[in-house]
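What follows is a single structure, written as structure tokens, with notes after it.
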Amino acid sequence: MTWNPEQYHRFRAARSAPAQDLQALVPVRDYHNIVDLGCGTGEQARQLAERFPAAQVLGLDSSAEMLAQAAGGPATPNLRFEQGDIAGLTGEYDLIYANASLQWLPNHPALLARLWARLRPGGVLAVQVPANHDHPSHRLLTETAQEFAAELGGFTRFGTAHGASPVLTPAAYAELLDALGAQDITALSKVYPVVLPGALGLVEWTRGTALVPYLSRLSQGDGERFLAAYRERLRATFPSERVYYAFTRVLFIGGKPEN
Ligand SMILES: C[S@@+](CC[C@H](N)C(=O)[O-])C[C@H]1O[C@@H](n2cnc3c(N)ncnc32)[C@H](O)[C@@H]1O
């Protein structure tokens, strides 16, 4: 899957608000090892390294393109980046941080249990995931993918059933954390609105994230036809030149008790 850091950063300001809310939930502690899962271009990992200078911070991401940009930032002695898959996380950490990345992995109950096993006693798990998979922009994307089933080899991100996203409710995440033995659990949902210039604005927003797995599976020509078909569907649903995109996200955090 090929990510485009420039496209992702076109909406940097809108995407940074939930990250700042997640940072604010992270308690100030003497962390030694921090991992930022799906660190992308590294801003969050860098912020954690600056906030907790005594900690070693690892930014982990599967995308070479995102990591190339992360590595281009100013040298920070306690920060390093590595290419790897969140699903295969190794090592032990006292802060596991994931901003806008776990939605790309399936089966969150199993995933949280695996991450929890990588957390040291006294450690903290802090996560933010977009929860807007019921929005028409996603439903119309799935419909477009079904129209292009032959070109995509039958791939649709959420399967053929609309809404089959791995993202759960705040209550479900809180229950999962409790079942894992977490303390000091906070789980909430918040709308981060983005005002976009009509259907075209929605396409540009989606190009940075949700469109990535589709466009990276298509030839340039098929990709252009896919975008045109998606744009037409969006135009029919959002004919106005102003779209108020009520982008919902879920944030949750929990601590592992000391032994
Ligand atoms: C929407 S970006 C978020 C980037 C960053 N955390 C931020 O807040 O700006 C999602 C990132 O997750 C990464 N990602 C998705 N699935 C992954 C996986 N299984 N393992 C590692 N990284 C993954 C992508 O490469 C991408 O850089």
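As shown in the structure tokens, the chain order sets the letters A, B, ...; within each chain, residues go from 1, and ligands are also counted from 1 in the order they appear.
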
Please provide as a ChimeraX atom specification all residues within 6 Å of region 127-131 of chain A, with the sequence filter that same-chain residues fewer than 6 positions apart are discarded (counting only C-alpha atoms).
-> /A:97-100,103,248-252

Output C-alpha atoms for every residue in the selection just made, as a CSV table (one decimal), in the first residue's frame.
chain,number,residue,atom,x,y,z
A,97,TYR,CA,0.8,5.1,21.7
A,98,ALA,CA,-1.2,4.7,18.5
A,99,ASN,CA,-2.8,7.8,16.8
A,100,ALA,CA,-5.0,7.1,13.7
A,103,GLN,CA,-8.1,1.2,12.2
A,248,THR,CA,-16.0,11.2,14.6
A,249,ARG,CA,-13.1,9.7,16.5
A,250,VAL,CA,-12.7,7.4,19.5
A,251,LEU,CA,-10.0,7.9,22.0
A,252,PHE,CA,-9.1,5.5,24.8

Compile the contact shell of Thr156 (chain A) as a VMD selection string: residues with an atom at most 12 Å away, counting only C-alpha atoms, same-chain residues fewer than 4 positions apart removed.
-> chain A and resid 138 to 152 160 to 165 210 to 215 217

Identify, counting only C-alpha atoms and all ligand atoms, the protein, DNA and RNA residues located within 8 Å of ligand 1, and give them as a PyMOL selection string.
-> chain A and resi 1+3+8+15-16+19+36-44+60-64+66-67+83-87+98-105+208-209

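With CA of Ala228 (chain A) on one side and CA of Asp134 (chain A) on the other, the separation reads 21.6 Å.
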
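Looking only at region 154-204 of chain A, the set that DSSP places in strand (DSSP E or B) from backbone geometry is Gln183, Asp184, Ile185, Thr186, Ala187, Leu188, Ser189, Lys190, Val191, Tyr192, Pro193, Val194, Val195 and Leu196 of chain A.
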
Write the residues of the selection above to a file with C-alpha atoms, as a tab-separated table (two decimals), in the first residue's frame.
chain	number	residue	atom	x	y	z
A	183	GLN	CA	-6.99	0.75	35.61
A	184	ASP	CA	-7.65	4.48	35.15
A	185	ILE	CA	-9.62	3.81	31.98
A	186	THR	CA	-10.84	6.74	29.89
A	187	ALA	CA	-12.79	6.13	26.66
A	188	LEU	CA	-14.61	8.79	24.71
A	189	SER	CA	-15.90	9.78	21.34
A	190	LYS	CA	-15.62	13.26	19.89
A	191	VAL	CA	-16.60	14.98	16.66
A	192	TYR	CA	-13.77	16.90	14.94
A	193	PRO	CA	-15.59	18.80	12.21
A	194	VAL	CA	-13.91	19.63	8.93
A	195	VAL	CA	-15.53	22.07	6.50
A	196	LEU	CA	-14.69	21.05	2.96

Polymer residues at most 8 Å from Leu125 (chain A), only C-alpha atoms, same-chain spacing of 6 or more positions, as a ChimeraX atom specification | /A:95-97,116,119,253-255

Could you jot down the CA of Arg157 (chain A) to CA of Ala17 (chain A) separation for me, Å, one decimal place?
->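 Atom-to-atom, CA of Arg157 (chain A) to CA of Ala17 (chain A), that is 25.7 Å.
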
Could you state the separation of CA of Glu6 (chain A) and CA of Ser240 (chain A) in Å, given to one decimal place?
-> 26.8 Å

Wanna dump the region 54-138 of chain A-region 27-34 of chain A contacts at 9 Å for me, each residue with its shortest atom pair and the distance in Å to one decimal, counting only C-alpha atoms, ordered by chain and number, as JSON lines?
{"residue": "A:Ala54", "atom": "CA", "partner": "A:His32", "partner_atom": "CA", "distance": 6.6}
{"residue": "A:Ala55", "atom": "CA", "partner": "A:His32", "partner_atom": "CA", "distance": 4.2}
{"residue": "A:Gln56", "atom": "CA", "partner": "A:Asn33", "partner_atom": "CA", "distance": 5.0}
{"residue": "A:Val57", "atom": "CA", "partner": "A:Ile34", "partner_atom": "CA", "distance": 4.7}
{"residue": "A:Leu58", "atom": "CA", "partner": "A:Ile34", "partner_atom": "CA", "distance": 6.2}
{"residue": "A:Gly59", "atom": "CA", "partner": "A:Ile34", "partner_atom": "CA", "distance": 8.6}
{"residue": "A:Glu92", "atom": "CA", "partner": "A:Asn33", "partner_atom": "CA", "distance": 7.5}
{"residue": "A:Tyr93", "atom": "CA", "partner": "A:Asn33", "partner_atom": "CA", "distance": 4.9}
{"residue": "A:Asp94", "atom": "CA", "partner": "A:Asn33", "partner_atom": "CA", "distance": 5.7}
{"residue": "A:Leu95", "atom": "CA", "partner": "A:Ile34", "partner_atom": "CA", "distance": 4.7}
{"residue": "A:Ile96", "atom": "CA", "partner": "A:Ile34", "partner_atom": "CA", "distance": 6.0}
{"residue": "A:Tyr97", "atom": "CA", "partner": "A:Ile34", "partner_atom": "CA", "distance": 7.5}
{"residue": "A:Gly123", "atom": "CA", "partner": "A:Tyr31", "partner_atom": "CA", "distance": 8.2}
{"residue": "A:Val124", "atom": "CA", "partner": "A:Pro27", "partner_atom": "CA", "distance": 8.4}

Would you kindly return, as a PyMOL selection string, each protein, DNA or RNA residue with an atom no farther than 8 Å from any atom of region 179-181 of chain A, considering only C-alpha atoms and excluding same-chain residues fewer than 5 positions away?
-> chain A and resi 113+116+256-257
